[in-house]
Amino acid sequence: IVKSAHEAALTIDGRRDIKTTCELPETTPLRTNVDRRLVTAVVREVIGNALRLACSRVEIEVEQVGRTAIVRVHDDGPGFSEEVLASLGERFTPRSSVRGLGLSLSMAKEVLAAHGGELHVGTSALPPNRRGTRGAAVIVSLPLV
């Protein structure tokens, strides 16, 4: 799912000036019982958002924590403003500082919840960008079978 989503995101939102890495587990693939099409679309949108907003770098990592698959997408873009964080997951919320209506992350949260998963946002673990700000981290978790 992550590999397919990454490839699709690069095709749609990839930029030559953005370095992207994708670290998948070297062991047996992680298996989860989800609608592959829907969850791939969610992960593709998360990666696509990171690619569109990054200054120079996007890192994707997948790991198993207990009985959960964790997908972390870090970028070195502007990160989430306090205004966006306050209304994250709410649809059609007007925001003064950013474009969009809050649809992609709110729908992503609903799709993941329907599959027993979650979506969280935070601050990227990447070094600060050229403007000195930390980017965003979006974390997707799904139960393993």
# chains A, B, ... in the order shown; residues from 1 in each chain; ligands from 1
call {"tool": "select_by_dssp", "arguments": {"residues": "segment 47-99 of chain A", "states": "alpha helix (DSSP H)", "output": "VMD selection string"}}
result
chain A and resid 47 to 53 82 to 86
call {"tool": "residues_around", "arguments": {"residues": "Leu51 of chain A", "least_positions_apart": "2", "cutoff": "10 Å", "atoms": "only C-alpha atoms", "output": "list in words"}}
result
Ala9, Leu10, Ile12, Asp13, Gly14, Arg15, Asp17, Ile18, Lys19, Thr20, Glu45, Val46, Ile47, Gly48, Asn49, Leu53, Ala54, Cys55, Ser56, Arg57, Val58, Glu59, Val73, His74, Asp75, Asp76 and Gly77 of chain A
call {"tool": "select_by_dssp", "arguments": {"residues": "chain A", "states": "strand (DSSP E)", "output": "PDB file with N, CA and C atoms, in the first residue's frame"}}
result
ATOM      1  N   LYS A  19      13.676  15.905  -2.488  1.00  0.00           N
ATOM      2  CA  LYS A  19      14.274  14.579  -2.298  1.00  0.00           C
ATOM      3  C   LYS A  19      13.311  13.763  -1.444  1.00  0.00           C
ATOM      4  N   THR A  20      12.996  12.559  -1.913  1.00  0.00           N
ATOM      5  CA  THR A  20      12.049  11.698  -1.210  1.00  0.00           C
ATOM      6  C   THR A  20      12.700  10.360  -0.891  1.00  0.00           C
ATOM      7  N   THR A  21      12.515   9.905   0.346  1.00  0.00           N
ATOM      8  CA  THR A  21      12.960   8.568   0.724  1.00  0.00           C
ATOM      9  C   THR A  21      11.775   7.807   1.302  1.00  0.00           C
ATOM     10  N   CYS A  22      11.785   6.502   1.087  1.00  0.00           N
ATOM     11  CA  CYS A  22      10.710   5.650   1.598  1.00  0.00           C
ATOM     12  C   CYS A  22      11.345   4.402   2.183  1.00  0.00           C
ATOM     13  N   GLU A  23      11.287   4.275   3.501  1.00  0.00           N
ATOM     14  CA  GLU A  23      11.871   3.129   4.202  1.00  0.00           C
ATOM     15  C   GLU A  23      10.773   2.149   4.593  1.00  0.00           C
ATOM     16  N   ARG A  57      12.557  18.246   1.181  1.00  0.00           N
ATOM     17  CA  ARG A  57      12.685  16.857   1.615  1.00  0.00           C
ATOM     18  C   ARG A  57      11.387  16.270   2.165  1.00  0.00           C
ATOM     19  N   VAL A  58      11.129  14.997   1.810  1.00  0.00           N
ATOM     20  CA  VAL A  58      10.022  14.214   2.372  1.00  0.00           C
ATOM     21  C   VAL A  58      10.580  12.838   2.718  1.00  0.00           C
ATOM     22  N   GLU A  59      10.301  12.384   3.930  1.00  0.00           N
ATOM     23  CA  GLU A  59      10.722  11.049   4.350  1.00  0.00           C
ATOM     24  C   GLU A  59       9.500  10.248   4.783  1.00  0.00           C
ATOM     25  N   ILE A  60       9.421   9.026   4.276  1.00  0.00           N
ATOM     26  CA  ILE A  60       8.329   8.122   4.610  1.00  0.00           C
ATOM     27  C   ILE A  60       8.953   6.909   5.270  1.00  0.00           C
ATOM     28  N   GLU A  61       8.402   6.513   6.402  1.00  0.00           N
ATOM     29  CA  GLU A  61       8.912   5.321   7.077  1.00  0.00           C
ATOM     30  C   GLU A  61       7.754   4.481   7.567  1.00  0.00           C
ATOM     31  N   VAL A  62       7.940   3.180   7.480  1.00  0.00           N
ATOM     32  CA  VAL A  62       6.922   2.220   7.907  1.00  0.00           C
ATOM     33  C   VAL A  62       7.565   1.297   8.918  1.00  0.00           C
ATOM     34  N   GLU A  63       6.853   1.061  10.013  1.00  0.00           N
ATOM     35  CA  GLU A  63       7.362   0.127  11.015  1.00  0.00           C
ATOM     36  C   GLU A  63       6.212  -0.552  11.728  1.00  0.00           C
ATOM     37  N   GLN A  64       6.538  -1.643  12.371  1.00  0.00           N
ATOM     38  CA  GLN A  64       5.579  -2.358  13.196  1.00  0.00           C
ATOM     39  C   GLN A  64       5.842  -2.015  14.644  1.00  0.00           C
ATOM     40  N   VAL A  65       4.784  -1.623  15.340  1.00  0.00           N
ATOM     41  CA  VAL A  65       4.851  -1.373  16.776  1.00  0.00           C
ATOM     42  C   VAL A  65       3.760  -2.237  17.406  1.00  0.00           C
ATOM     43  N   THR A  68       0.467  -3.135  15.442  1.00  0.00           N
ATOM     44  CA  THR A  68       0.050  -1.981  14.652  1.00  0.00           C
ATOM     45  C   THR A  68       1.105  -1.637  13.610  1.00  0.00           C
ATOM     46  N   ALA A  69       0.643  -1.317  12.404  1.00  0.00           N
ATOM     47  CA  ALA A  69       1.521  -0.789  11.361  1.00  0.00           C
ATOM     48  C   ALA A  69       1.485   0.732  11.463  1.00  0.00           C
ATOM     49  N   ILE A  70       2.656   1.343  11.504  1.00  0.00           N
ATOM     50  CA  ILE A  70       2.773   2.797  11.614  1.00  0.00           C
ATOM     51  C   ILE A  70       3.438   3.326  10.347  1.00  0.00           C
ATOM     52  N   VAL A  71       2.803   4.308   9.725  1.00  0.00           N
ATOM     53  CA  VAL A  71       3.359   4.993   8.555  1.00  0.00           C
ATOM     54  C   VAL A  71       3.566   6.443   8.965  1.00  0.00           C
ATOM     55  N   ARG A  72       4.822   6.899   8.922  1.00  0.00           N
ATOM     56  CA  ARG A  72       5.136   8.290   9.267  1.00  0.00           C
ATOM     57  C   ARG A  72       5.596   9.009   8.006  1.00  0.00           C
ATOM     58  N   VAL A  73       4.998  10.162   7.752  1.00  0.00           N
ATOM     59  CA  VAL A  73       5.388  10.987   6.610  1.00  0.00           C
ATOM     60  C   VAL A  73       5.855  12.328   7.167  1.00  0.00           C
ATOM     61  N   HIS A  74       7.151  12.605   6.997  1.00  0.00           N
ATOM     62  CA  HIS A  74       7.755  13.846   7.472  1.00  0.00           C
ATOM     63  C   HIS A  74       8.076  14.728   6.272  1.00  0.00           C
ATOM     64  N   ASP A  75       7.848  16.026   6.413  1.00  0.00           N
ATOM     65  CA  ASP A  75       8.296  16.960   5.380  1.00  0.00           C
ATOM     66  C   ASP A  75       8.969  18.142   6.054  1.00  0.00           C
ATOM     67  N   GLU A 118      -5.954   5.129  12.806  1.00  0.00           N
ATOM     68  CA  GLU A 118      -5.983   6.527  13.252  1.00  0.00           C
ATOM     69  C   GLU A 118      -5.038   7.361  12.408  1.00  0.00           C
ATOM     70  N   LEU A 119      -5.244   8.666  12.454  1.00  0.00           N
ATOM     71  CA  LEU A 119      -4.350   9.628  11.826  1.00  0.00           C
ATOM     72  C   LEU A 119      -4.037  10.700  12.858  1.00  0.00           C
ATOM     73  N   HIS A 120      -2.754  10.985  13.025  1.00  0.00           N
ATOM     74  CA  HIS A 120      -2.313  12.032  13.946  1.00  0.00           C
ATOM     75  C   HIS A 120      -1.353  12.948  13.200  1.00  0.00           C
ATOM     76  N   VAL A 121      -1.281  14.178  13.642  1.00  0.00           N
ATOM     77  CA  VAL A 121      -0.322  15.111  13.053  1.00  0.00           C
ATOM     78  C   VAL A 121       0.551  15.694  14.147  1.00  0.00           C
ATOM     79  N   GLY A 122       1.721  16.138  13.736  1.00  0.00           N
ATOM     80  CA  GLY A 122       2.654  16.732  14.685  1.00  0.00           C
ATOM     81  C   GLY A 122       3.745  17.461  13.953  1.00  0.00           C
ATOM     82  N   THR A 123       4.874  17.582  14.621  1.00  0.00           N
ATOM     83  CA  THR A 123       6.023  18.285  14.071  1.00  0.00           C
ATOM     84  C   THR A 123       7.008  17.274  13.506  1.00  0.00           C
ATOM     85  N   ALA A 136       5.920  19.305   8.921  1.00  0.00           N
ATOM     86  CA  ALA A 136       4.831  18.505   9.480  1.00  0.00           C
ATOM     87  C   ALA A 136       5.193  17.031   9.498  1.00  0.00           C
ATOM     88  N   ALA A 137       4.581  16.324  10.406  1.00  0.00           N
ATOM     89  CA  ALA A 137       4.624  14.865  10.439  1.00  0.00           C
ATOM     90  C   ALA A 137       3.171  14.394  10.482  1.00  0.00           C
ATOM     91  N   VAL A 138       2.836  13.488   9.598  1.00  0.00           N
ATOM     92  CA  VAL A 138       1.514  12.872   9.609  1.00  0.00           C
ATOM     93  C   VAL A 138       1.747  11.399   9.862  1.00  0.00           C
ATOM     94  N   ILE A 139       1.063  10.876  10.883  1.00  0.00           N
ATOM     95  CA  ILE A 139       1.244   9.487  11.298  1.00  0.00           C
ATOM     96  C   ILE A 139      -0.058   8.734  11.091  1.00  0.00           C
ATOM     97  N   VAL A 140       0.021   7.669  10.310  1.00  0.00           N
ATOM     98  CA  VAL A 140      -1.118   6.788  10.039  1.00  0.00           C
ATOM     99  C   VAL A 140      -0.850   5.481  10.767  1.00  0.00           C
ATOM    100  N   SER A 141      -1.847   4.988  11.487  1.00  0.00           N
ATOM    101  CA  SER A 141      -1.692   3.692  12.153  1.00  0.00           C
ATOM    102  C   SER A 141      -2.863   2.794  11.761  1.00  0.00           C
ATOM    103  N   LEU A 142      -2.545   1.520  11.553  1.00  0.00           N
ATOM    104  CA  LEU A 142      -3.556   0.516  11.192  1.00  0.00           C
ATOM    105  C   LEU A 142      -3.263  -0.772  11.946  1.00  0.00           C
ATOM    106  N   PRO A 143      -4.303  -1.464  12.399  1.00  0.00           N
ATOM    107  CA  PRO A 143      -4.079  -2.735  13.093  1.00  0.00           C
ATOM    108  C   PRO A 143      -3.605  -3.811  12.118  1.00  0.00           C
TER     109      PRO A 143
END
call {"tool": "atom_distance", "arguments": {"atom1": "atom CA of Thr40 of chain A", "atom2": "atom CA of Gly116 of chain A"}}
result
15.2 Å
call {"tool": "atom_distance", "arguments": {"atom1": "atom CA of Val42 of chain A", "atom2": "atom CA of Arg130 of chain A"}}
result
28.5 Å
call {"tool": "atom_distance", "arguments": {"atom1": "atom CA of Glu90 of chain A", "atom2": "atom CA of Ala108 of chain A"}}
result
11.4 Å
